[in-house]
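Note sheet for the following structure.
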Amino acid sequence: VAGHFGYRKRDQHTWVQNFKLCDGKLQSPISISSFKSITLPLPALEIIGYHDFLSSPLYLKNNGHSVVVNVNNHLGKRLPYIFGGSLDINQEYEVDHLHFHWGAKNNRGSEHMLNGIRYPMEMHIVHRNRIYSSLSNALNYKNGLVVLGIFFQEEDNKSLYSIVNHLTSVRWINNETKLNTSITLGSLLPKNTDVFYSYKGSLTTPPCNEVVTWIIFSMPVPISFSQLNKFRLLSNGNNLIADNYRKLQNIGLRKVYIRKL
Ligand code: 1SD
Ligand code: ZN
């Protein structure tokens, strides 16, 4: 979606010069506190088709900012989608792609913080409102996107093998490789999706459009140290991609809602 931007402190300060929206009042990520969140009696988030294998071929790509699995080529079949939860009634959001933000060290990497914790990695499953024909079209509308944010914490995890084992093939920018095993999105979600936080925010990368309903699951997903280290070897040509997370943004007047069981 955007061209050049960097994650080093001095680079992040320049985002607003090239991308005006990054200076808005509804920016992401934010620091979430369960105490300050407002409990709402929300229905469950309906997560449909997440246990079906995604149509192959699936490609894993290093885009210089992250590593991405595109899912939007599900020809013929209906894409996995979500509705309910904190989302407006009758609005369905189809999966488009997923990508990761990670740190060079275990004490950083996630974009959002939860109760003072920064996890070593955060996965974003980006969804597009079905009423818009494409991701770039959806970027023009307040209800355009939903991103599911999923934290990882260090522990072994077999369900990540299919992605992690291919990371060495996408070490360099624009490298792309075909996954030789299919994956389900469900295997990448936390065991429990009943508890989540939701707030109105933005893309965490330029151009920072304020079109994202964020849904952040409270429960993290396990990832092993050696799996994390494979992400940490990915390069954009000049530097390692690690530490590809945006600094925290002000919550301002926004409310964060929590759904509990
Ligand atoms: O960083 C991603 C960006 O690469 C793109 O995927 C965009 C949606 O098209 O979303 C942002 S983010 O807000 O999900 N980090
Ligand atoms: Zn992201």
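Residue numbers start at 1 in each chain; chains themselves are named A, B, ... in the order of the structure tokens; ligands are numbered from 1 in the order shown.
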Find the residues near Thr168 (chain A): any atom within 10 Å, counting only C-alpha atoms, skip ones fewer than 5 places away on the same chain, and give them as JSON, numbers by chain. {"A": [175, 177, 230, 231, 233, 234]}
Atoms to include: all heavy atoms. Write the selected residues as a compact mmCIF listing (two decimals), in the first residue's frame.
# COMPACT_ATOMS: atom_id res chain seq x y z
N ASN A 175 11.51 -11.71 -2.19
CA ASN A 175 11.49 -13.18 -2.29
C ASN A 175 10.08 -13.66 -2.01
O ASN A 175 9.40 -13.16 -1.12
CB ASN A 175 12.40 -13.83 -1.24
CG ASN A 175 13.88 -13.75 -1.59
OD1 ASN A 175 14.72 -14.08 -0.77
ND2 ASN A 175 14.20 -13.33 -2.80
N THR A 177 7.73 -17.48 -1.96
CA THR A 177 7.81 -18.93 -2.07
C THR A 177 6.44 -19.53 -1.87
O THR A 177 5.58 -18.95 -1.19
CB THR A 177 8.81 -19.49 -1.04
OG1 THR A 177 9.03 -20.87 -1.33
CG2 THR A 177 8.29 -19.38 0.38
N LYS A 230 13.91 -17.38 13.46
CA LYS A 230 13.84 -17.46 12.00
C LYS A 230 13.22 -16.19 11.41
O LYS A 230 13.62 -15.74 10.34
CB LYS A 230 13.07 -18.71 11.58
CG LYS A 230 13.87 -19.95 11.92
CD LYS A 230 13.27 -21.23 11.40
CE LYS A 230 14.22 -22.37 11.74
NZ LYS A 230 13.53 -23.64 11.96
N PHE A 231 12.26 -15.60 12.10
CA PHE A 231 11.73 -14.30 11.65
C PHE A 231 12.84 -13.25 11.72
O PHE A 231 12.95 -12.38 10.87
CB PHE A 231 10.57 -13.86 12.54
CG PHE A 231 9.26 -14.57 12.24
CD1 PHE A 231 8.91 -15.74 12.92
CD2 PHE A 231 8.37 -14.06 11.31
CE1 PHE A 231 7.70 -16.38 12.66
CE2 PHE A 231 7.17 -14.68 11.04
CZ PHE A 231 6.83 -15.85 11.72
N LEU A 233 15.86 -13.32 11.12
CA LEU A 233 16.90 -13.35 10.08
C LEU A 233 16.44 -12.69 8.79
O LEU A 233 17.23 -12.48 7.87
CB LEU A 233 17.29 -14.80 9.78
CG LEU A 233 18.04 -15.52 10.91
CD1 LEU A 233 18.28 -16.97 10.54
CD2 LEU A 233 19.37 -14.81 11.19
N LEU A 234 15.14 -12.34 8.71
CA LEU A 234 14.64 -11.75 7.46
C LEU A 234 15.22 -10.35 7.27
O LEU A 234 15.38 -9.60 8.22
CB LEU A 234 13.11 -11.70 7.47
CG LEU A 234 12.41 -13.05 7.59
CD1 LEU A 234 10.91 -12.86 7.67
CD2 LEU A 234 12.76 -13.95 6.42
Find the residues around region 146-148 of chain A up to 8 Å (only C-alpha atoms counted), leave out those fewer than 4 positions away in its own chain, and share them as a PDB file with all heavy atoms, in the first residue's frame.
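The result, written out as result-v1.pdb:
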ATOM      1  N   TYR A  93     -16.683  -9.318   7.244  1.00  0.00           N
ATOM      2  CA  TYR A  93     -15.318  -8.944   6.851  1.00  0.00           C
ATOM      3  C   TYR A  93     -14.564 -10.197   6.420  1.00  0.00           C
ATOM      4  O   TYR A  93     -14.404 -11.140   7.198  1.00  0.00           O
ATOM      5  CB  TYR A  93     -14.606  -8.270   8.014  1.00  0.00           C
ATOM      6  CG  TYR A  93     -15.147  -6.899   8.337  1.00  0.00           C
ATOM      7  CD1 TYR A  93     -16.301  -6.742   9.098  1.00  0.00           C
ATOM      8  CD2 TYR A  93     -14.502  -5.756   7.865  1.00  0.00           C
ATOM      9  CE1 TYR A  93     -16.787  -5.475   9.391  1.00  0.00           C
ATOM     10  CE2 TYR A  93     -14.988  -4.491   8.155  1.00  0.00           C
ATOM     11  CZ  TYR A  93     -16.127  -4.359   8.909  1.00  0.00           C
ATOM     12  OH  TYR A  93     -16.605  -3.105   9.200  1.00  0.00           O
ATOM     13  N   MET A 123       0.719 -10.986  15.341  1.00  0.00           N
ATOM     14  CA  MET A 123       0.245 -11.292  13.988  1.00  0.00           C
ATOM     15  C   MET A 123      -1.000 -10.465  13.704  1.00  0.00           C
ATOM     16  O   MET A 123      -1.834 -10.270  14.595  1.00  0.00           O
ATOM     17  CB  MET A 123      -0.091 -12.789  13.890  1.00  0.00           C
ATOM     18  CG  MET A 123      -0.644 -13.199  12.526  1.00  0.00           C
ATOM     19  SD  MET A 123      -0.891 -14.997  12.393  1.00  0.00           S
ATOM     20  CE  MET A 123      -2.222 -15.237  13.566  1.00  0.00           C
ATOM     21  N   HIS A 124      -1.100  -9.967  12.473  1.00  0.00           N
ATOM     22  CA  HIS A 124      -2.291  -9.239  12.048  1.00  0.00           C
ATOM     23  C   HIS A 124      -2.983 -10.003  10.938  1.00  0.00           C
ATOM     24  O   HIS A 124      -2.375 -10.271   9.901  1.00  0.00           O
ATOM     25  CB  HIS A 124      -1.914  -7.836  11.564  1.00  0.00           C
ATOM     26  CG  HIS A 124      -1.481  -6.940  12.675  1.00  0.00           C
ATOM     27  ND1 HIS A 124      -0.654  -5.859  12.503  1.00  0.00           N
ATOM     28  CD2 HIS A 124      -1.790  -6.991  13.998  1.00  0.00           C
ATOM     29  CE1 HIS A 124      -0.471  -5.267  13.680  1.00  0.00           C
ATOM     30  NE2 HIS A 124      -1.132  -5.944  14.604  1.00  0.00           N
ATOM     31  N   ILE A 125      -4.228 -10.383  11.174  1.00  0.00           N
ATOM     32  CA  ILE A 125      -5.035 -10.961  10.093  1.00  0.00           C
ATOM     33  C   ILE A 125      -5.945  -9.837   9.611  1.00  0.00           C
ATOM     34  O   ILE A 125      -6.835  -9.379  10.337  1.00  0.00           O
ATOM     35  CB  ILE A 125      -5.849 -12.183  10.557  1.00  0.00           C
ATOM     36  CG1 ILE A 125      -4.948 -13.195  11.287  1.00  0.00           C
ATOM     37  CG2 ILE A 125      -6.522 -12.850   9.358  1.00  0.00           C
ATOM     38  CD1 ILE A 125      -5.676 -14.482  11.711  1.00  0.00           C
ATOM     39  N   VAL A 126      -5.655  -9.355   8.407  1.00  0.00           N
ATOM     40  CA  VAL A 126      -6.333  -8.175   7.869  1.00  0.00           C
ATOM     41  C   VAL A 126      -7.578  -8.613   7.084  1.00  0.00           C
ATOM     42  O   VAL A 126      -7.491  -9.479   6.207  1.00  0.00           O
ATOM     43  CB  VAL A 126      -5.375  -7.365   6.962  1.00  0.00           C
ATOM     44  CG1 VAL A 126      -6.075  -6.142   6.386  1.00  0.00           C
ATOM     45  CG2 VAL A 126      -4.124  -6.960   7.749  1.00  0.00           C
ATOM     46  N   HIS A 127      -8.711  -8.015   7.435  1.00  0.00           N
ATOM     47  CA  HIS A 127      -9.996  -8.337   6.799  1.00  0.00           C
ATOM     48  C   HIS A 127     -10.578  -7.100   6.131  1.00  0.00           C
ATOM     49  O   HIS A 127     -10.483  -6.006   6.672  1.00  0.00           O
ATOM     50  CB  HIS A 127     -11.007  -8.816   7.844  1.00  0.00           C
ATOM     51  CG  HIS A 127     -10.628 -10.077   8.541  1.00  0.00           C
ATOM     52  ND1 HIS A 127      -9.612 -10.129   9.472  1.00  0.00           N
ATOM     53  CD2 HIS A 127     -11.133 -11.331   8.455  1.00  0.00           C
ATOM     54  CE1 HIS A 127      -9.513 -11.374   9.921  1.00  0.00           C
ATOM     55  NE2 HIS A 127     -10.411 -12.121   9.328  1.00  0.00           N
ATOM     56  N   ARG A 128     -11.244  -7.316   5.007  1.00  0.00           N
ATOM     57  CA  ARG A 128     -11.870  -6.232   4.242  1.00  0.00           C
ATOM     58  C   ARG A 128     -13.386  -6.377   4.311  1.00  0.00           C
ATOM     59  O   ARG A 128     -13.912  -7.477   4.160  1.00  0.00           O
ATOM     60  CB  ARG A 128     -11.398  -6.331   2.779  1.00  0.00           C
ATOM     61  CG  ARG A 128     -12.116  -5.474   1.778  1.00  0.00           C
ATOM     62  CD  ARG A 128     -11.688  -5.828   0.348  1.00  0.00           C
ATOM     63  NE  ARG A 128     -11.688  -7.270   0.110  1.00  0.00           N
ATOM     64  CZ  ARG A 128     -12.784  -7.980  -0.170  1.00  0.00           C
ATOM     65  NH1 ARG A 128     -13.950  -7.389  -0.287  1.00  0.00           N
ATOM     66  NH2 ARG A 128     -12.693  -9.289  -0.353  1.00  0.00           N
ATOM     67  N   ASN A 129     -14.066  -5.255   4.575  1.00  0.00           N
ATOM     68  CA  ASN A 129     -15.533  -5.259   4.567  1.00  0.00           C
ATOM     69  C   ASN A 129     -16.011  -5.737   3.195  1.00  0.00           C
ATOM     70  O   ASN A 129     -15.578  -5.214   2.161  1.00  0.00           O
ATOM     71  CB  ASN A 129     -16.035  -3.828   4.844  1.00  0.00           C
ATOM     72  CG  ASN A 129     -17.521  -3.799   5.152  1.00  0.00           C
ATOM     73  OD1 ASN A 129     -18.304  -4.561   4.578  1.00  0.00           O
ATOM     74  ND2 ASN A 129     -17.909  -2.926   6.057  1.00  0.00           N
ATOM     75  N   VAL A 212      -9.717   1.190  10.621  1.00  0.00           N
ATOM     76  CA  VAL A 212      -9.578  -0.158  11.175  1.00  0.00           C
ATOM     77  C   VAL A 212     -10.340  -0.315  12.486  1.00  0.00           C
ATOM     78  O   VAL A 212     -10.163   0.468  13.415  1.00  0.00           O
ATOM     79  CB  VAL A 212      -8.097  -0.517  11.422  1.00  0.00           C
ATOM     80  CG1 VAL A 212      -7.982  -1.921  12.024  1.00  0.00           C
ATOM     81  CG2 VAL A 212      -7.288  -0.427  10.136  1.00  0.00           C
ATOM     82  N   THR A 213     -11.204  -1.299  12.547  1.00  0.00           N
ATOM     83  CA  THR A 213     -11.729  -1.755  13.821  1.00  0.00           C
ATOM     84  C   THR A 213     -10.762  -2.823  14.306  1.00  0.00           C
ATOM     85  O   THR A 213     -10.615  -3.867  13.676  1.00  0.00           O
ATOM     86  CB  THR A 213     -13.133  -2.353  13.669  1.00  0.00           C
ATOM     87  OG1 THR A 213     -13.980  -1.362  13.090  1.00  0.00           O
ATOM     88  CG2 THR A 213     -13.692  -2.803  15.015  1.00  0.00           C
ATOM     89  N   TRP A 214     -10.048  -2.531  15.384  1.00  0.00           N
ATOM     90  CA  TRP A 214      -9.096  -3.490  15.912  1.00  0.00           C
ATOM     91  C   TRP A 214      -9.791  -4.456  16.863  1.00  0.00           C
ATOM     92  O   TRP A 214     -10.603  -4.031  17.697  1.00  0.00           O
ATOM     93  CB  TRP A 214      -7.957  -2.775  16.652  1.00  0.00           C
ATOM     94  CG  TRP A 214      -6.968  -2.205  15.703  1.00  0.00           C
ATOM     95  CD1 TRP A 214      -6.976  -0.946  15.175  1.00  0.00           C
ATOM     96  CD2 TRP A 214      -5.858  -2.895  15.117  1.00  0.00           C
ATOM     97  NE1 TRP A 214      -5.924  -0.814  14.294  1.00  0.00           N
ATOM     98  CE2 TRP A 214      -5.231  -1.979  14.245  1.00  0.00           C
ATOM     99  CE3 TRP A 214      -5.346  -4.184  15.246  1.00  0.00           C
ATOM    100  CZ2 TRP A 214      -4.103  -2.316  13.501  1.00  0.00           C
ATOM    101  CZ3 TRP A 214      -4.230  -4.523  14.504  1.00  0.00           C
ATOM    102  CH2 TRP A 214      -3.610  -3.597  13.646  1.00  0.00           C
ATOM    103  N   ILE A 215      -9.464  -5.717  16.741  1.00  0.00           N
ATOM    104  CA  ILE A 215      -9.923  -6.745  17.677  1.00  0.00           C
ATOM    105  C   ILE A 215      -8.666  -7.478  18.146  1.00  0.00           C
ATOM    106  O   ILE A 215      -7.979  -8.123  17.340  1.00  0.00           O
ATOM    107  CB  ILE A 215     -10.920  -7.709  17.009  1.00  0.00           C
ATOM    108  CG1 ILE A 215     -12.182  -6.927  16.619  1.00  0.00           C
ATOM    109  CG2 ILE A 215     -11.252  -8.877  17.937  1.00  0.00           C
ATOM    110  CD1 ILE A 215     -13.233  -7.754  15.912  1.00  0.00           C
ATOM    111  N   ILE A 216      -8.345  -7.303  19.411  1.00  0.00           N
ATOM    112  CA  ILE A 216      -7.113  -7.867  19.952  1.00  0.00           C
ATOM    113  C   ILE A 216      -7.487  -8.963  20.944  1.00  0.00           C
ATOM    114  O   ILE A 216      -8.170  -8.692  21.937  1.00  0.00           O
ATOM    115  CB  ILE A 216      -6.310  -6.786  20.719  1.00  0.00           C
ATOM    116  CG1 ILE A 216      -6.155  -5.508  19.878  1.00  0.00           C
ATOM    117  CG2 ILE A 216      -4.970  -7.337  21.192  1.00  0.00           C
ATOM    118  CD1 ILE A 216      -5.127  -5.586  18.798  1.00  0.00           C
ATOM    119  N   PHE A 217      -7.064 -10.173  20.666  1.00  0.00           N
ATOM    120  CA  PHE A 217      -7.385 -11.274  21.573  1.00  0.00           C
ATOM    121  C   PHE A 217      -6.514 -11.189  22.814  1.00  0.00           C
ATOM    122  O   PHE A 217      -5.309 -10.919  22.735  1.00  0.00           O
ATOM    123  CB  PHE A 217      -7.203 -12.616  20.884  1.00  0.00           C
ATOM    124  CG  PHE A 217      -8.184 -12.835  19.769  1.00  0.00           C
ATOM    125  CD1 PHE A 217      -7.761 -12.906  18.453  1.00  0.00           C
ATOM    126  CD2 PHE A 217      -9.539 -12.944  20.032  1.00  0.00           C
ATOM    127  CE1 PHE A 217      -8.667 -13.084  17.417  1.00  0.00           C
ATOM    128  CE2 PHE A 217     -10.458 -13.129  19.002  1.00  0.00           C
ATOM    129  CZ  PHE A 217     -10.019 -13.195  17.690  1.00  0.00           C
TER     130      PHE A 217
END
Nearest to ligand 2 among A:Trp15, A:Phe151, A:Tyr199, A:Tyr245, with distances taken over only C-alpha atoms and all ligand atoms: which residue is it? A:Tyr245
Hey, what does DSSP flag as strand (DSSP E) within region 59-155 of chain A? Can you give it to me as number ranges by chain? A: 59-62, 67-70, 81-84, 93-102, 113-114, 121-129, 145-154
Residues within 9 Å of region 118-120 of chain A, only C-alpha atoms, excluding chain neighbours under 2 positions, as an MDAnalysis selection string: chainID A and resid 101:116 122 151:154 220 228
Which residues are close to region 42-58 of chain A, i.e. within 9 Å by only C-alpha atoms, leaving aside same-chain residues fewer than 4 positions away? Reply as a PyMOL selection string. chain A and resi 69-71+73-75+77-87+177-187+189+193-196+258-261
Picked from region 83-225 of chain A by DSSP as helix (DSSP H, G or I), as JSON, numbers by chain: {"A": [135, 136, 137, 138, 158, 159, 160, 161, 162, 163, 164, 167, 168, 169, 170, 186, 187, 188, 225]}
Once you have the residues from the selection above, write them out as a PDB file, in the first residue's frame, restricted to N, CA and C atoms.
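Done, and the output landed in out-v9.pdb:
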ATOM      1  N   LEU A 135      -9.047  -4.187  -1.238  1.00  0.00           N
ATOM      2  CA  LEU A 135      -8.437  -3.623  -0.039  1.00  0.00           C
ATOM      3  C   LEU A 135      -8.189  -2.128  -0.226  1.00  0.00           C
ATOM      4  N   SER A 136      -7.671  -1.732  -1.380  1.00  0.00           N
ATOM      5  CA  SER A 136      -7.348  -0.311  -1.569  1.00  0.00           C
ATOM      6  C   SER A 136      -8.626   0.522  -1.589  1.00  0.00           C
ATOM      7  N   ASN A 137      -9.715  -0.036  -2.082  1.00  0.00           N
ATOM      8  CA  ASN A 137     -10.998   0.664  -2.051  1.00  0.00           C
ATOM      9  C   ASN A 137     -11.484   0.804  -0.605  1.00  0.00           C
ATOM     10  N   ALA A 138     -11.338  -0.274   0.167  1.00  0.00           N
ATOM     11  CA  ALA A 138     -11.808  -0.264   1.568  1.00  0.00           C
ATOM     12  C   ALA A 138     -11.068   0.777   2.410  1.00  0.00           C
ATOM     13  N   LYS A 158       3.603 -26.238  17.012  1.00  0.00           N
ATOM     14  CA  LYS A 158       3.660 -26.999  15.763  1.00  0.00           C
ATOM     15  C   LYS A 158       2.902 -26.328  14.636  1.00  0.00           C
ATOM     16  N   SER A 159       1.816 -25.628  14.954  1.00  0.00           N
ATOM     17  CA  SER A 159       0.972 -25.106  13.874  1.00  0.00           C
ATOM     18  C   SER A 159       1.671 -24.003  13.085  1.00  0.00           C
ATOM     19  N   LEU A 160       2.772 -23.504  13.613  1.00  0.00           N
ATOM     20  CA  LEU A 160       3.497 -22.457  12.871  1.00  0.00           C
ATOM     21  C   LEU A 160       4.517 -23.037  11.905  1.00  0.00           C
ATOM     22  N   TYR A 161       4.760 -24.355  11.994  1.00  0.00           N
ATOM     23  CA  TYR A 161       5.831 -24.954  11.189  1.00  0.00           C
ATOM     24  C   TYR A 161       5.716 -24.609   9.717  1.00  0.00           C
ATOM     25  N   SER A 162       4.494 -24.707   9.166  1.00  0.00           N
ATOM     26  CA  SER A 162       4.331 -24.544   7.717  1.00  0.00           C
ATOM     27  C   SER A 162       4.803 -23.165   7.253  1.00  0.00           C
ATOM     28  N   ILE A 163       4.618 -22.142   8.079  1.00  0.00           N
ATOM     29  CA  ILE A 163       5.117 -20.810   7.704  1.00  0.00           C
ATOM     30  C   ILE A 163       6.602 -20.685   8.038  1.00  0.00           C
ATOM     31  N   VAL A 164       6.963 -21.055   9.273  1.00  0.00           N
ATOM     32  CA  VAL A 164       8.334 -20.825   9.748  1.00  0.00           C
ATOM     33  C   VAL A 164       9.359 -21.589   8.908  1.00  0.00           C
ATOM     34  N   LEU A 167      10.605 -19.650   5.927  1.00  0.00           N
ATOM     35  CA  LEU A 167      11.148 -18.290   6.077  1.00  0.00           C
ATOM     36  C   LEU A 167      12.530 -18.152   5.443  1.00  0.00           C
ATOM     37  N   THR A 168      13.323 -19.246   5.475  1.00  0.00           N
ATOM     38  CA  THR A 168      14.670 -19.148   4.881  1.00  0.00           C
ATOM     39  C   THR A 168      14.588 -18.900   3.370  1.00  0.00           C
ATOM     40  N   SER A 169      13.478 -19.257   2.750  1.00  0.00           N
ATOM     41  CA  SER A 169      13.324 -19.023   1.299  1.00  0.00           C
ATOM     42  C   SER A 169      12.900 -17.599   0.984  1.00  0.00           C
ATOM     43  N   VAL A 170      12.521 -16.829   1.993  1.00  0.00           N
ATOM     44  CA  VAL A 170      12.104 -15.439   1.725  1.00  0.00           C
ATOM     45  C   VAL A 170      12.970 -14.476   2.527  1.00  0.00           C
ATOM     46  N   GLY A 186      -7.511 -21.069  11.527  1.00  0.00           N
ATOM     47  CA  GLY A 186      -7.885 -21.434  12.895  1.00  0.00           C
ATOM     48  C   GLY A 186      -6.695 -21.902  13.711  1.00  0.00           C
ATOM     49  N   SER A 187      -5.746 -22.585  13.040  1.00  0.00           N
ATOM     50  CA  SER A 187      -4.589 -23.109  13.769  1.00  0.00           C
ATOM     51  C   SER A 187      -3.666 -21.985  14.220  1.00  0.00           C
ATOM     52  N   LEU A 188      -3.881 -20.775  13.713  1.00  0.00           N
ATOM     53  CA  LEU A 188      -3.042 -19.632  14.075  1.00  0.00           C
ATOM     54  C   LEU A 188      -3.701 -18.747  15.129  1.00  0.00           C
ATOM     55  N   PHE A 225      11.419 -20.112  20.783  1.00  0.00           N
ATOM     56  CA  PHE A 225      12.562 -19.223  20.600  1.00  0.00           C
ATOM     57  C   PHE A 225      13.182 -19.416  19.214  1.00  0.00           C
TER      58      PHE A 225
END
Region 25-67 of chain A near region 238-242 of chain A within 10 Å: what's each residue's closest atom pair and its distance in Å to one decimal, counting only C-alpha atoms, ordered by chain then ascending residue number, as a Markdown table?
| residue | atom | partner | partner_atom | distance |
| --- | --- | --- | --- | --- |
| A:Asn62 | CA | A:Ile241 | CA | 9.4 |
| A:Asn63 | CA | A:Ile241 | CA | 9.8 |
| A:Gly64 | CA | A:Ile241 | CA | 6.9 |
| A:His65 | CA | A:Ile241 | CA | 6.2 |
| A:Ser66 | CA | A:Ile241 | CA | 6.7 |
| A:Val67 | CA | A:Ile241 | CA | 9.2 |
